[in-house]
$ cat upload.cif   # mmCIF, C-alpha atoms (C1' of nucleotides)
data_input
loop_
_atom_site.group_PDB
_atom_site.id
_atom_site.type_symbol
_atom_site.label_atom_id
_atom_site.label_comp_id
_atom_site.auth_asym_id
_atom_site.auth_seq_id
_atom_site.Cartn_x
_atom_site.Cartn_y
_atom_site.Cartn_z
ATOM 1 C CA MET A 1 -5.736 -1.237 3.407
ATOM 2 C CA PHE A 2 -4.357 -4.689 3.940
ATOM 3 C CA ALA A 3 -6.287 -6.160 6.873
ATOM 4 C CA TRP A 4 -9.825 -6.269 5.518
ATOM 5 C CA GLU A 5 -11.513 -9.594 4.787
ATOM 6 C CA ASN A 6 -14.006 -9.899 1.970
ATOM 7 C CA SER A 7 -16.781 -12.434 1.664
ATOM 8 C CA GLY A 8 -19.499 -11.973 -0.909
ATOM 9 C CA GLU A 9 -21.042 -8.554 -0.553
ATOM 10 C CA SER A 10 -19.471 -7.725 2.785
ATOM 11 C CA TRP A 11 -16.140 -6.619 4.187
ATOM 12 C CA ILE A 12 -14.966 -7.055 7.778
ATOM 13 C CA GLY A 13 -12.303 -4.866 9.334
ATOM 14 C CA VAL A 14 -11.329 -2.769 12.334
ATOM 15 C CA VAL A 15 -11.840 0.991 12.385
ATOM 16 C CA SER A 16 -10.797 3.041 15.415
ATOM 17 C CA GLY A 17 -10.623 -0.108 17.509
ATOM 18 C CA ARG A 18 -14.129 -1.259 16.556
ATOM 19 C CA TRP A 19 -15.074 -4.362 14.638
ATOM 20 C CA VAL A 20 -17.213 -3.417 11.682
ATOM 21 C CA LYS A 21 -18.848 -5.253 8.801
ATOM 22 C CA LEU A 22 -19.643 -3.172 5.746
ATOM 23 C CA ILE A 23 -22.327 -4.638 3.519
ATOM 24 C CA LEU A 24 -23.147 -3.600 -0.027
ATOM 25 C CA ARG A 25 -26.871 -3.362 -0.714
ATOM 26 C CA SER A 26 -29.237 -2.246 -3.443
ATOM 27 C CA GLY A 27 -26.875 -2.867 -6.308
ATOM 28 C CA ASN A 28 -23.965 -1.108 -4.631
ATOM 29 C CA ALA A 29 -25.992 2.066 -4.117
ATOM 30 C CA VAL A 30 -25.983 1.691 -0.327
ATOM 31 C CA ILE A 31 -23.508 0.545 2.290
ATOM 32 C CA THR A 32 -24.810 -0.575 5.663
ATOM 33 C CA ALA A 33 -22.590 -1.078 8.692
ATOM 34 C CA GLN A 34 -22.838 -3.650 11.442
ATOM 35 C CA THR A 35 -20.894 -3.229 14.675
ATOM 36 C CA ALA A 36 -20.265 -5.543 17.625
ATOM 37 C CA THR A 37 -21.629 -3.109 20.192
ATOM 38 C CA PRO A 38 -24.308 -0.392 20.013
ATOM 39 C CA GLN A 39 -23.046 2.950 18.706
ATOM 40 C CA THR A 40 -24.314 6.335 19.808
ATOM 41 C CA GLU A 41 -22.452 8.186 17.085
ATOM 42 C CA TRP A 42 -20.817 7.239 13.814
ATOM 43 C CA SER A 43 -18.291 9.939 13.024
ATOM 44 C CA TRP A 44 -15.444 7.430 13.420
ATOM 45 C CA LEU A 45 -16.893 5.536 10.463
ATOM 46 C CA THR A 46 -18.161 8.372 8.294
ATOM 47 C CA ASN A 47 -14.755 10.016 8.633
ATOM 48 C CA PHE A 48 -12.998 6.788 7.713
ATOM 49 C CA LEU A 49 -15.207 6.368 4.654
ATOM 50 C CA GLN A 50 -15.100 10.086 3.841
ATOM 51 C CA CYS A 51 -18.880 10.114 3.437
ATOM 52 C CA GLY A 52 -18.981 13.907 3.354
ATOM 53 C CA LEU A 53 -16.754 14.149 0.317
ATOM 54 C CA ASN A 54 -18.343 15.303 -2.914
ATOM 55 C CA LEU A 55 -16.667 12.916 -5.315
ATOM 56 C CA GLY A 56 -18.038 14.658 -8.378
ATOM 57 C CA GLU A 57 -16.250 17.863 -7.434
ATOM 58 C CA VAL A 58 -13.013 15.956 -7.078
ATOM 59 C CA LEU A 59 -13.356 14.214 -10.418
ATOM 60 C CA ALA A 60 -14.109 17.535 -12.073
ATOM 61 C CA THR A 61 -10.575 18.697 -11.285
ATOM 62 C CA PHE A 62 -8.918 15.816 -13.154
ATOM 63 C CA PRO A 63 -7.397 16.333 -16.585
ATOM 64 C CA THR A 64 -9.709 15.243 -19.382
ATOM 65 C CA ASP A 65 -7.496 13.156 -21.620
ATOM 66 C CA PRO A 66 -8.940 9.872 -22.971
ATOM 67 C CA ASP A 67 -7.026 7.572 -20.638
ATOM 68 C CA MET A 68 -7.910 9.542 -17.513
ATOM 69 C CA ARG A 69 -11.508 9.512 -18.711
ATOM 70 C CA ALA A 70 -11.392 5.750 -19.214
ATOM 71 C CA ALA A 71 -9.954 5.288 -15.738
ATOM 72 C CA ILE A 72 -12.754 7.367 -14.198
ATOM 73 C CA ASP A 73 -15.454 5.558 -16.147
ATOM 74 C CA SER A 74 -14.211 2.098 -15.225
ATOM 75 C CA CYS A 75 -13.682 2.862 -11.524
ATOM 76 C CA ARG A 76 -17.003 4.531 -10.683
ATOM 77 C CA GLY A 77 -17.256 5.489 -7.034
ATOM 78 C CA LEU A 78 -13.644 4.759 -6.176
ATOM 79 C CA ARG A 79 -12.615 6.957 -3.255
ATOM 80 C CA LEU A 80 -9.879 7.223 -0.678
ATOM 81 C CA LEU A 81 -10.250 6.115 2.919
ATOM 82 C CA ARG A 82 -8.975 8.149 5.853
ATOM 83 C CA GLN A 83 -6.701 5.711 7.630
ATOM 84 C CA ASP A 84 -5.022 5.799 11.001
ATOM 85 C CA PRO A 85 -1.552 7.352 10.535
ATOM 86 C CA TRP A 86 0.435 4.816 12.543
ATOM 87 C CA GLU A 87 -1.251 1.799 11.025
ATOM 88 C CA CYS A 88 -0.892 3.250 7.555
ATOM 89 C CA LEU A 89 2.763 4.138 8.069
ATOM 90 C CA ALA A 90 3.633 0.733 9.490
ATOM 91 C CA ALA A 91 1.778 -1.167 6.789
ATOM 92 C CA PHE A 92 3.545 0.711 4.022
ATOM 93 C CA ILE A 93 6.958 0.251 5.607
ATOM 94 C CA LEU A 94 6.130 -3.436 5.284
ATOM 95 C CA SER A 95 5.030 -3.065 1.673
ATOM 96 C CA SER A 96 8.384 -2.374 0.037
ATOM 97 C CA SER A 97 9.200 -4.819 -2.724
ATOM 98 C CA LYS A 98 6.337 -7.106 -1.764
ATOM 99 C CA GLN A 99 3.277 -8.381 -3.536
ATOM 100 C CA ILE A 100 -0.030 -7.321 -2.065
ATOM 101 C CA VAL A 101 -0.958 -10.846 -0.989
ATOM 102 C CA GLN A 102 2.279 -11.049 0.958
ATOM 103 C CA ILE A 103 1.732 -7.690 2.636
ATOM 104 C CA ARG A 104 -1.654 -8.939 3.752
ATOM 105 C CA GLN A 105 -0.040 -12.012 5.257
ATOM 106 C CA ILE A 106 2.517 -9.962 7.152
ATOM 107 C CA VAL A 107 -0.098 -7.586 8.540
ATOM 108 C CA ALA A 108 -2.300 -10.525 9.531
ATOM 109 C CA ALA A 109 0.610 -12.148 11.337
ATOM 110 C CA LEU A 110 1.388 -8.904 13.182
ATOM 111 C CA ASN A 111 -2.244 -8.470 14.189
ATOM 112 C CA THR A 112 -2.529 -12.008 15.485
ATOM 113 C CA ARG A 113 0.715 -11.933 17.407
ATOM 114 C CA PHE A 114 0.880 -8.382 18.747
ATOM 115 C CA GLY A 115 -2.555 -6.853 18.212
ATOM 116 C CA SER A 116 -5.214 -6.485 20.878
ATOM 117 C CA PRO A 117 -8.383 -8.511 20.531
ATOM 118 C CA VAL A 118 -11.449 -6.609 19.432
ATOM 119 C CA ILE A 119 -15.023 -7.363 20.495
ATOM 120 C CA VAL A 120 -16.780 -9.254 17.731
ATOM 121 C CA PRO A 121 -20.423 -10.358 17.419
ATOM 122 C CA ALA A 122 -21.266 -13.922 18.403
ATOM 123 C CA GLY A 123 -20.344 -16.365 15.691
ATOM 124 C CA GLU A 124 -17.835 -14.089 13.970
ATOM 125 C CA ARG A 125 -14.145 -14.891 13.644
ATOM 126 C CA PRO A 126 -11.787 -13.368 16.206
ATOM 127 C CA VAL A 127 -10.204 -10.137 15.005
ATOM 128 C CA PHE A 128 -7.273 -8.120 16.303
ATOM 129 C CA ALA A 129 -6.573 -4.429 16.013
ATOM 130 C CA PHE A 130 -3.275 -3.388 14.468
ATOM 131 C CA PRO A 131 -0.654 -3.289 17.255
ATOM 132 C CA SER A 132 0.303 0.095 18.694
ATOM 133 C CA ALA A 133 3.727 1.628 18.138
ATOM 134 C CA GLN A 134 4.387 1.050 21.822
ATOM 135 C CA ARG A 135 3.630 -2.648 21.509
ATOM 136 C CA LEU A 136 5.898 -3.113 18.505
ATOM 137 C CA ALA A 137 8.607 -1.000 20.102
ATOM 138 C CA ASP A 138 8.700 -3.541 22.919
ATOM 139 C CA ALA A 139 9.206 -6.421 20.479
ATOM 140 C CA THR A 140 12.558 -7.696 19.276
ATOM 141 C CA GLU A 141 13.732 -7.723 15.680
ATOM 142 C CA ALA A 142 13.720 -11.519 15.755
ATOM 143 C CA GLU A 143 10.073 -11.554 16.855
ATOM 144 C CA LEU A 144 9.146 -9.220 14.025
ATOM 145 C CA ARG A 145 11.022 -11.348 11.521
ATOM 146 C CA GLU A 146 8.918 -14.282 12.628
ATOM 147 C CA CYS A 147 6.024 -12.378 11.055
ATOM 148 C CA LYS A 148 7.752 -12.880 7.677
ATOM 149 C CA MET A 149 8.734 -9.272 7.100
ATOM 150 C CA GLY A 150 12.396 -9.992 6.426
ATOM 151 C CA PHE A 151 14.690 -6.985 6.033
ATOM 152 C CA ARG A 152 11.826 -4.629 6.832
ATOM 153 C CA ALA A 153 11.927 -5.643 10.489
ATOM 154 C CA PRO A 154 14.668 -3.234 11.603
ATOM 155 C CA TYR A 155 12.925 -0.383 9.785
ATOM 156 C CA LEU A 156 9.590 -1.050 11.419
ATOM 157 C CA LEU A 157 11.176 -1.510 14.819
ATOM 158 C CA ALA A 158 13.231 1.680 14.656
ATOM 159 C CA THR A 159 10.246 3.695 13.474
ATOM 160 C CA ALA A 160 7.972 2.189 16.134
ATOM 161 C CA ARG A 161 10.517 3.147 18.807
ATOM 162 C CA GLN A 162 10.807 6.736 17.631
ATOM 163 C CA ILE A 163 7.051 7.069 17.798
ATOM 164 C CA ALA A 164 6.639 5.243 21.088
ATOM 165 C CA THR A 165 9.224 7.420 22.828
ATOM 166 C CA GLY A 166 7.709 10.597 21.456
ATOM 167 C CA GLU A 167 10.883 11.438 19.565
ATOM 168 C CA PHE A 168 8.663 11.500 16.489
ATOM 169 C CA ASP A 169 5.131 12.894 16.779
ATOM 170 C CA LEU A 170 2.700 11.701 14.131
ATOM 171 C CA ALA A 171 -0.088 13.967 15.396
ATOM 172 C CA ARG A 172 2.028 17.058 14.797
ATOM 173 C CA LEU A 173 2.056 16.415 11.051
ATOM 174 C CA ARG A 174 -1.600 17.374 10.877
ATOM 175 C CA GLN A 175 -0.840 21.049 11.420
ATOM 176 C CA MET A 176 1.949 21.080 8.862
ATOM 177 C CA SER A 177 2.003 21.779 5.137
ATOM 178 C CA ALA A 178 2.209 18.770 2.842
ATOM 179 C CA THR A 179 5.779 19.689 1.983
ATOM 180 C CA ASP A 180 6.889 19.932 5.603
ATOM 181 C CA ALA A 181 5.035 16.796 6.665
ATOM 182 C CA ARG A 182 6.675 14.925 3.819
ATOM 183 C CA ALA A 183 10.117 16.074 4.898
ATOM 184 C CA GLU A 184 9.376 14.857 8.408
ATOM 185 C CA LEU A 185 8.189 11.428 7.279
ATOM 186 C CA LEU A 186 11.295 11.014 5.121
ATOM 187 C CA LYS A 187 13.412 11.153 8.272
ATOM 188 C CA LEU A 188 11.973 7.850 9.467
ATOM 189 C CA PRO A 189 13.957 4.686 8.742
ATOM 190 C CA GLY A 190 12.403 2.645 5.959
ATOM 191 C CA VAL A 191 10.395 5.605 4.685
ATOM 192 C CA GLY A 192 11.280 6.936 1.253
ATOM 193 C CA GLU A 193 9.313 9.118 -1.137
ATOM 194 C CA LYS A 194 6.761 6.522 -2.133
ATOM 195 C CA ILE A 195 5.805 5.495 1.370
ATOM 196 C CA ALA A 196 5.835 9.080 2.627
ATOM 197 C CA ASP A 197 3.388 10.012 -0.120
ATOM 198 C CA CYS A 198 1.167 7.032 0.734
ATOM 199 C CA VAL A 199 0.909 8.167 4.346
ATOM 200 C CA LEU A 200 0.305 11.796 3.360
ATOM 201 C CA LEU A 201 -2.509 10.727 1.045
ATOM 202 C CA PHE A 202 -4.160 7.792 2.816
ATOM 203 C CA ALA A 203 -3.799 8.876 6.444
ATOM 204 C CA TYR A 204 -3.549 12.670 6.471
ATOM 205 C CA GLY A 205 -5.670 13.360 3.436
ATOM 206 C CA PHE A 206 -3.252 15.696 1.669
ATOM 207 C CA PRO A 207 -4.970 15.608 -1.718
ATOM 208 C CA THR A 208 -1.902 16.522 -3.772
ATOM 209 C CA ALA A 209 0.284 13.695 -2.441
ATOM 210 C CA PHE A 210 1.075 11.417 -5.371
ATOM 211 C CA PRO A 211 2.713 8.074 -4.571
ATOM 212 C CA ILE A 212 4.665 6.786 -7.552
ATOM 213 C CA ASP A 213 5.142 3.036 -7.397
ATOM 214 C CA VAL A 214 6.041 0.696 -10.246
ATOM 215 C CA TRP A 215 2.412 0.495 -11.381
ATOM 216 C CA VAL A 216 1.726 4.200 -11.387
ATOM 217 C CA ALA A 217 5.041 4.815 -13.112
ATOM 218 C CA LYS A 218 4.025 2.291 -15.724
ATOM 219 C CA ALA A 219 0.651 4.006 -16.161
ATOM 220 C CA ILE A 220 2.136 7.478 -16.514
ATOM 221 C CA ARG A 221 4.732 6.291 -18.986
ATOM 222 C CA LYS A 222 2.137 4.476 -21.027
ATOM 223 C CA TYR A 223 -0.582 7.122 -21.081
ATOM 224 C CA TYR A 224 1.470 10.309 -21.147
ATOM 225 C CA PHE A 225 4.902 9.412 -22.535
ATOM 226 C CA ARG A 226 3.932 6.886 -25.213
ATOM 227 C CA GLY A 227 5.597 4.111 -23.237
ATOM 228 C CA ARG A 228 9.000 5.751 -23.308
ATOM 229 C CA ARG A 229 11.444 5.463 -20.455
ATOM 230 C CA VAL A 230 11.318 8.520 -18.203
ATOM 231 C CA ARG A 231 13.696 9.508 -15.427
ATOM 232 C CA PRO A 232 12.122 9.584 -11.978
ATOM 233 C CA VAL A 233 12.703 13.321 -11.498
ATOM 234 C CA ARG A 234 10.982 14.114 -14.789
ATOM 235 C CA LEU A 235 8.072 11.854 -13.900
ATOM 236 C CA ARG A 236 7.667 13.611 -10.575
ATOM 237 C CA ASN A 237 7.760 17.058 -12.170
ATOM 238 C CA TYR A 238 5.241 16.021 -14.775
ATOM 239 C CA VAL A 239 2.609 14.655 -12.396
ATOM 240 C CA THR A 240 2.759 17.615 -10.039
ATOM 241 C CA LYS A 241 2.048 19.909 -12.964
ATOM 242 C CA ARG A 242 -0.558 17.782 -14.687
ATOM 243 C CA PHE A 243 -2.949 16.349 -12.132
ATOM 244 C CA GLY A 244 -3.977 19.394 -10.170
ATOM 245 C CA PRO A 245 -5.319 19.906 -6.636
ATOM 246 C CA ASN A 246 -6.549 16.304 -6.275
ATOM 247 C CA ALA A 247 -3.587 14.588 -7.877
ATOM 248 C CA GLY A 248 -3.674 11.871 -5.234
ATOM 249 C CA TYR A 249 -7.175 10.906 -6.225
ATOM 250 C CA ALA A 250 -6.177 10.821 -9.870
ATOM 251 C CA GLN A 251 -3.314 8.552 -8.878
ATOM 252 C CA GLN A 252 -5.743 6.072 -7.338
ATOM 253 C CA TYR A 253 -7.851 5.970 -10.468
ATOM 254 C CA LEU A 254 -4.848 5.396 -12.690
ATOM 255 C CA PHE A 255 -3.451 2.790 -10.330
ATOM 256 C CA HIS A 256 -6.669 0.842 -10.111
ATOM 257 C CA TYR A 257 -7.281 1.195 -13.823
ATOM 258 C CA ILE A 258 -3.964 -0.136 -15.028
ATOM 259 C CA ARG A 259 -3.970 -2.943 -12.465
ATOM 260 C CA THR A 260 -7.467 -4.261 -13.061
ATOM 261 C CA LYS A 261 -9.243 -2.672 -16.007
ATOM 262 C CA ASP A 262 -6.912 -1.681 -18.791
ATOM 263 C CA VAL A 263 -7.437 -4.575 -21.219
ATOM 264 C CA LYS A 264 -4.704 -3.312 -23.512
ATOM 265 C CA THR A 265 -2.129 -3.762 -20.735
ATOM 266 C CA LEU A 266 -3.515 -6.878 -19.095
ATOM 267 C CA SER A 267 -3.892 -9.001 -22.207
ATOM 268 C CA PRO A 268 -0.735 -9.665 -24.217
ATOM 269 C "C1'" DT B 1 22.956 8.921 -10.616
ATOM 270 C "C1'" DC B 2 23.123 3.891 -10.099
ATOM 271 C "C1'" DA B 3 23.612 -0.821 -9.129
ATOM 272 C "C1'" DG B 4 23.277 -4.262 -5.300
ATOM 273 C "C1'" DA B 5 21.803 -5.821 -1.096
ATOM 274 C "C1'" DC B 6 18.115 -6.804 1.721
ATOM 275 C "C1'" DC B 7 14.238 -11.393 3.420
ATOM 276 C "C1'" DC B 8 10.811 -14.226 1.982
ATOM 277 C "C1'" DT B 9 6.840 -16.007 -0.548
ATOM 278 C "C1'" DC B 10 4.095 -17.112 -4.328
ATOM 279 C "C1'" DA B 11 3.016 -17.538 -9.166
ATOM 280 C "C1'" DC B 12 4.479 -19.724 -13.007
ATOM 281 C "C1'" DA B 13 7.440 -22.618 -16.025
ATOM 282 C "C1'" DG B 14 9.232 -26.925 -16.954
ATOM 283 C "C1'" DA C 1 2.370 -33.391 -8.329
ATOM 284 C "C1'" DC C 2 6.955 -31.537 -7.792
ATOM 285 C "C1'" DT C 3 11.152 -28.473 -7.982
ATOM 286 C "C1'" DG C 4 13.460 -24.434 -9.976
ATOM 287 C "C1'" DT C 5 13.231 -19.633 -10.924
ATOM 288 C "C1'" DG C 6 12.123 -14.741 -10.813
ATOM 289 C "C1'" DA C 7 10.212 -10.803 -9.266
ATOM 290 C "C1'" DG C 8 7.400 -8.317 -6.052
ATOM 291 C "C1'" DG C 9 2.602 -1.076 -3.627
ATOM 292 C "C1'" DG C 10 11.036 0.376 -2.058
ATOM 293 C "C1'" DT C 11 14.779 1.997 0.776
ATOM 294 C "C1'" DC C 12 19.507 2.500 1.899
ATOM 295 C "C1'" DT C 13 24.366 2.738 0.900
#
$ encode --input "upload.cif" --output "structure tokens"
Amino acid sequence: MFAWENSGESWIGVVSGRWVKLILRSGNAVITAQTATPQTEWSWLTNFLQCGLNLGEVLATFPTDPDMRAAIDSCRGLRLLRQDPWECLAAFILSSSKQIVQIRQIVAALNTRFGSPVIVPAGERPVFAFPSAQRLADATEAELRECKMGFRAPYLLATARQIATGEFDLARLRQMSATDARAELLKLPGVGEKIADCVLLFAYGFPTAFPIDVWVAKAIRKYYFRGRRVRPVRLRNYVTKRFGPNAGYAQQYLFHYIRTKDVKTLSP
DNA sequence: TCAGACCCTCACAG
DNA sequence: ACTGTGAGGGTCT
């Protein structure tokens, strides 16, 4: 996710319209949550964090080659969040051909300009929830471009309008198969295979969805094709066969590993 | 199947 | 410090 702010051992973000600070304690063994208002139930947060997931069972389904093993060992505890579909979709439409720092800036600009303020505890910085599809649908392309999103503005606007009018129903995707939901997402302007797979995996929790971006492609080529060049179709066929029922999880481990941990890649 | 275009920003040379 | 340059969690035509 792109809108969370980190300071020391804590992260501040918005989940289901609520300000929340997540704090690491006891040597990362425990996460505690602080909210701005008293909560009578926490399912909105435990669902977001996927607390009920047995990570060990997921990891057990991964292939056992040395590189996958190294990725698992160096990313202990890494798990997927369950994001809001609209926010996830919009953020990834904005992600195309952008560096992560820039995506964060765009999302922050959108939140500040179009988002609704969220109640925060005294002394905390003001925070805004990600703007609804309706709110963005009412904006102009020029206004969106002022949030530094460039050529992505017409895509985001057109998609926001389809969702705001009900022409496209994000909720309906929940009852569909991964294949059908993917085909639906691909109809949206600015949504190709990579972004569709991101939304399937990060928002709807389809565990086989496998986003292939430049980094994952690089990882697959390096670890499974000896660095050779591989055509996109072949890459796609390979990963769907190799990584099993939780391929999306495996993707996250490989992604995080090659971006932050794989010394052989990072150092020249 | 494949370039090129698309906006803009930031890291990194020089 | 300062400017020039290139490429970046892709998609569309």
$ interface_residues --input "upload.cif" --of "chain B" --to "chain A" --cutoff "9 Å" --atoms "all atoms listed in the file" --output "PyMOL selection string"
chain B and resi 6-10
$ interface_residues --input "upload.cif" --of "chain A" --to "chain C" --cutoff "10 Å" --atoms "only C-alpha atoms (C1' of nucleotides)" --output "ChimeraX atom specification"
/A:92-100,102-103,152,155,189-195,198,211-216,255
$ residues_near_point --input "upload.cif" --point "(2.6, 0.0, -19.3)" --cutoff "10 Å" --atoms "all atoms listed in the file" --output "CSV table (one decimal) with C-alpha atoms, in the frame of the given file"
chain,number,residue,atom,x,y,z
A,214,VAL,CA,6.0,0.7,-10.2
A,215,TRP,CA,2.4,0.5,-11.4
A,216,VAL,CA,1.7,4.2,-11.4
A,217,ALA,CA,5.0,4.8,-13.1
A,218,LYS,CA,4.0,2.3,-15.7
A,219,ALA,CA,0.7,4.0,-16.2
A,220,ILE,CA,2.1,7.5,-16.5
A,221,ARG,CA,4.7,6.3,-19.0
A,222,LYS,CA,2.1,4.5,-21.0
A,223,TYR,CA,-0.6,7.1,-21.1
A,226,ARG,CA,3.9,6.9,-25.2
A,227,GLY,CA,5.6,4.1,-23.2
A,228,ARG,CA,9.0,5.8,-23.3
A,258,ILE,CA,-4.0,-0.1,-15.0
A,259,ARG,CA,-4.0,-2.9,-12.5
A,262,ASP,CA,-6.9,-1.7,-18.8
A,264,LYS,CA,-4.7,-3.3,-23.5
A,265,THR,CA,-2.1,-3.8,-20.7
A,266,LEU,CA,-3.5,-6.9,-19.1
$ resolve_selection --input "upload.cif" --expression "the PyMOL selection byres ((chain A and resi 53-69) around 8)" --output "PyMOL selection string"
chain A and resi 50-52+70-73+77+79+223+242-247+249-250+253-254
$ residues_around --input "upload.cif" --residues "Gly166 (chain A)" --least-positions-apart "6" --cutoff "12 Å" --atoms "only C-alpha atoms (C1' of nucleotides)" --output "list of chain:residue names"
A:Ala133, A:Gln134, A:Ala137, A:Thr159, A:Ala160, A:Arg172
$ atom_distance --input "upload.cif" --atom1 "CA of Lys261 (chain A)" --atom2 "CA of Ser74 (chain A)"
6.9 Å
$ atom_distance --input "upload.cif" --atom1 "CA of Leu22 (chain A)" --atom2 "CA of Ser10 (chain A)"
5.4 Å
$ atom_distance --input "upload.cif" --atom1 "CA of Ala209 (chain A)" --atom2 "CA of Ala181 (chain A)"
10.7 Å
$ residues_around --input "upload.cif" --residues "Val127 (chain A)" --least-positions-apart "2" --cutoff "12 Å" --atoms "only C-alpha atoms (C1' of nucleotides)" --output "number ranges by chain"
A: 3-5, 12-15, 17-21, 36, 108-121, 123-125, 129-131
$ decode --input "upload.cif" --residues "region 244-256 of chain A" --atoms "N, CA, C and O atoms" --output "compact mmCIF listing (two decimals), in the first residue's frame"
# COMPACT_ATOMS: atom_id res chain seq x y z
N GLY A 244 2.01 -23.08 -7.72
CA GLY A 244 0.97 -23.74 -6.96
C GLY A 244 -0.18 -22.87 -6.50
O GLY A 244 -0.39 -21.76 -7.00
N PRO A 245 -0.94 -23.37 -5.50
CA PRO A 245 -2.20 -22.74 -5.09
C PRO A 245 -2.02 -21.39 -4.42
O PRO A 245 -2.98 -20.63 -4.34
N ASN A 246 -0.83 -21.07 -3.95
CA ASN A 246 -0.57 -19.76 -3.34
C ASN A 246 0.50 -19.00 -4.10
O ASN A 246 1.36 -18.34 -3.52
N ALA A 247 0.41 -19.09 -5.42
CA ALA A 247 1.42 -18.47 -6.28
C ALA A 247 1.58 -16.99 -5.97
O ALA A 247 2.69 -16.45 -6.01
N GLY A 248 0.48 -16.32 -5.64
CA GLY A 248 0.55 -14.90 -5.35
C GLY A 248 1.42 -14.59 -4.14
O GLY A 248 2.16 -13.61 -4.14
N TYR A 249 1.32 -15.44 -3.15
CA TYR A 249 2.19 -15.28 -1.98
C TYR A 249 3.65 -15.48 -2.37
O TYR A 249 4.53 -14.73 -1.97
N ALA A 250 3.89 -16.52 -3.15
CA ALA A 250 5.27 -16.77 -3.59
C ALA A 250 5.80 -15.56 -4.36
O ALA A 250 6.96 -15.16 -4.20
N GLN A 251 4.94 -14.96 -5.14
CA GLN A 251 5.33 -13.77 -5.89
C GLN A 251 5.81 -12.66 -4.96
O GLN A 251 6.81 -12.00 -5.22
N GLN A 252 5.08 -12.47 -3.85
CA GLN A 252 5.48 -11.42 -2.91
C GLN A 252 6.84 -11.69 -2.28
O GLN A 252 7.64 -10.78 -2.08
N TYR A 253 7.09 -12.95 -1.99
CA TYR A 253 8.39 -13.29 -1.40
C TYR A 253 9.52 -13.05 -2.40
O TYR A 253 10.57 -12.50 -2.07
N LEU A 254 9.29 -13.46 -3.64
CA LEU A 254 10.33 -13.25 -4.65
C LEU A 254 10.55 -11.77 -4.92
O LEU A 254 11.67 -11.29 -5.05
N PHE A 255 9.44 -11.05 -4.98
CA PHE A 255 9.52 -9.60 -5.23
C PHE A 255 10.32 -8.90 -4.13
O PHE A 255 11.26 -8.16 -4.40
N HIS A 256 9.94 -9.17 -2.91
CA HIS A 256 10.60 -8.51 -1.79
C HIS A 256 12.06 -8.94 -1.69
O HIS A 256 12.94 -8.14 -1.37
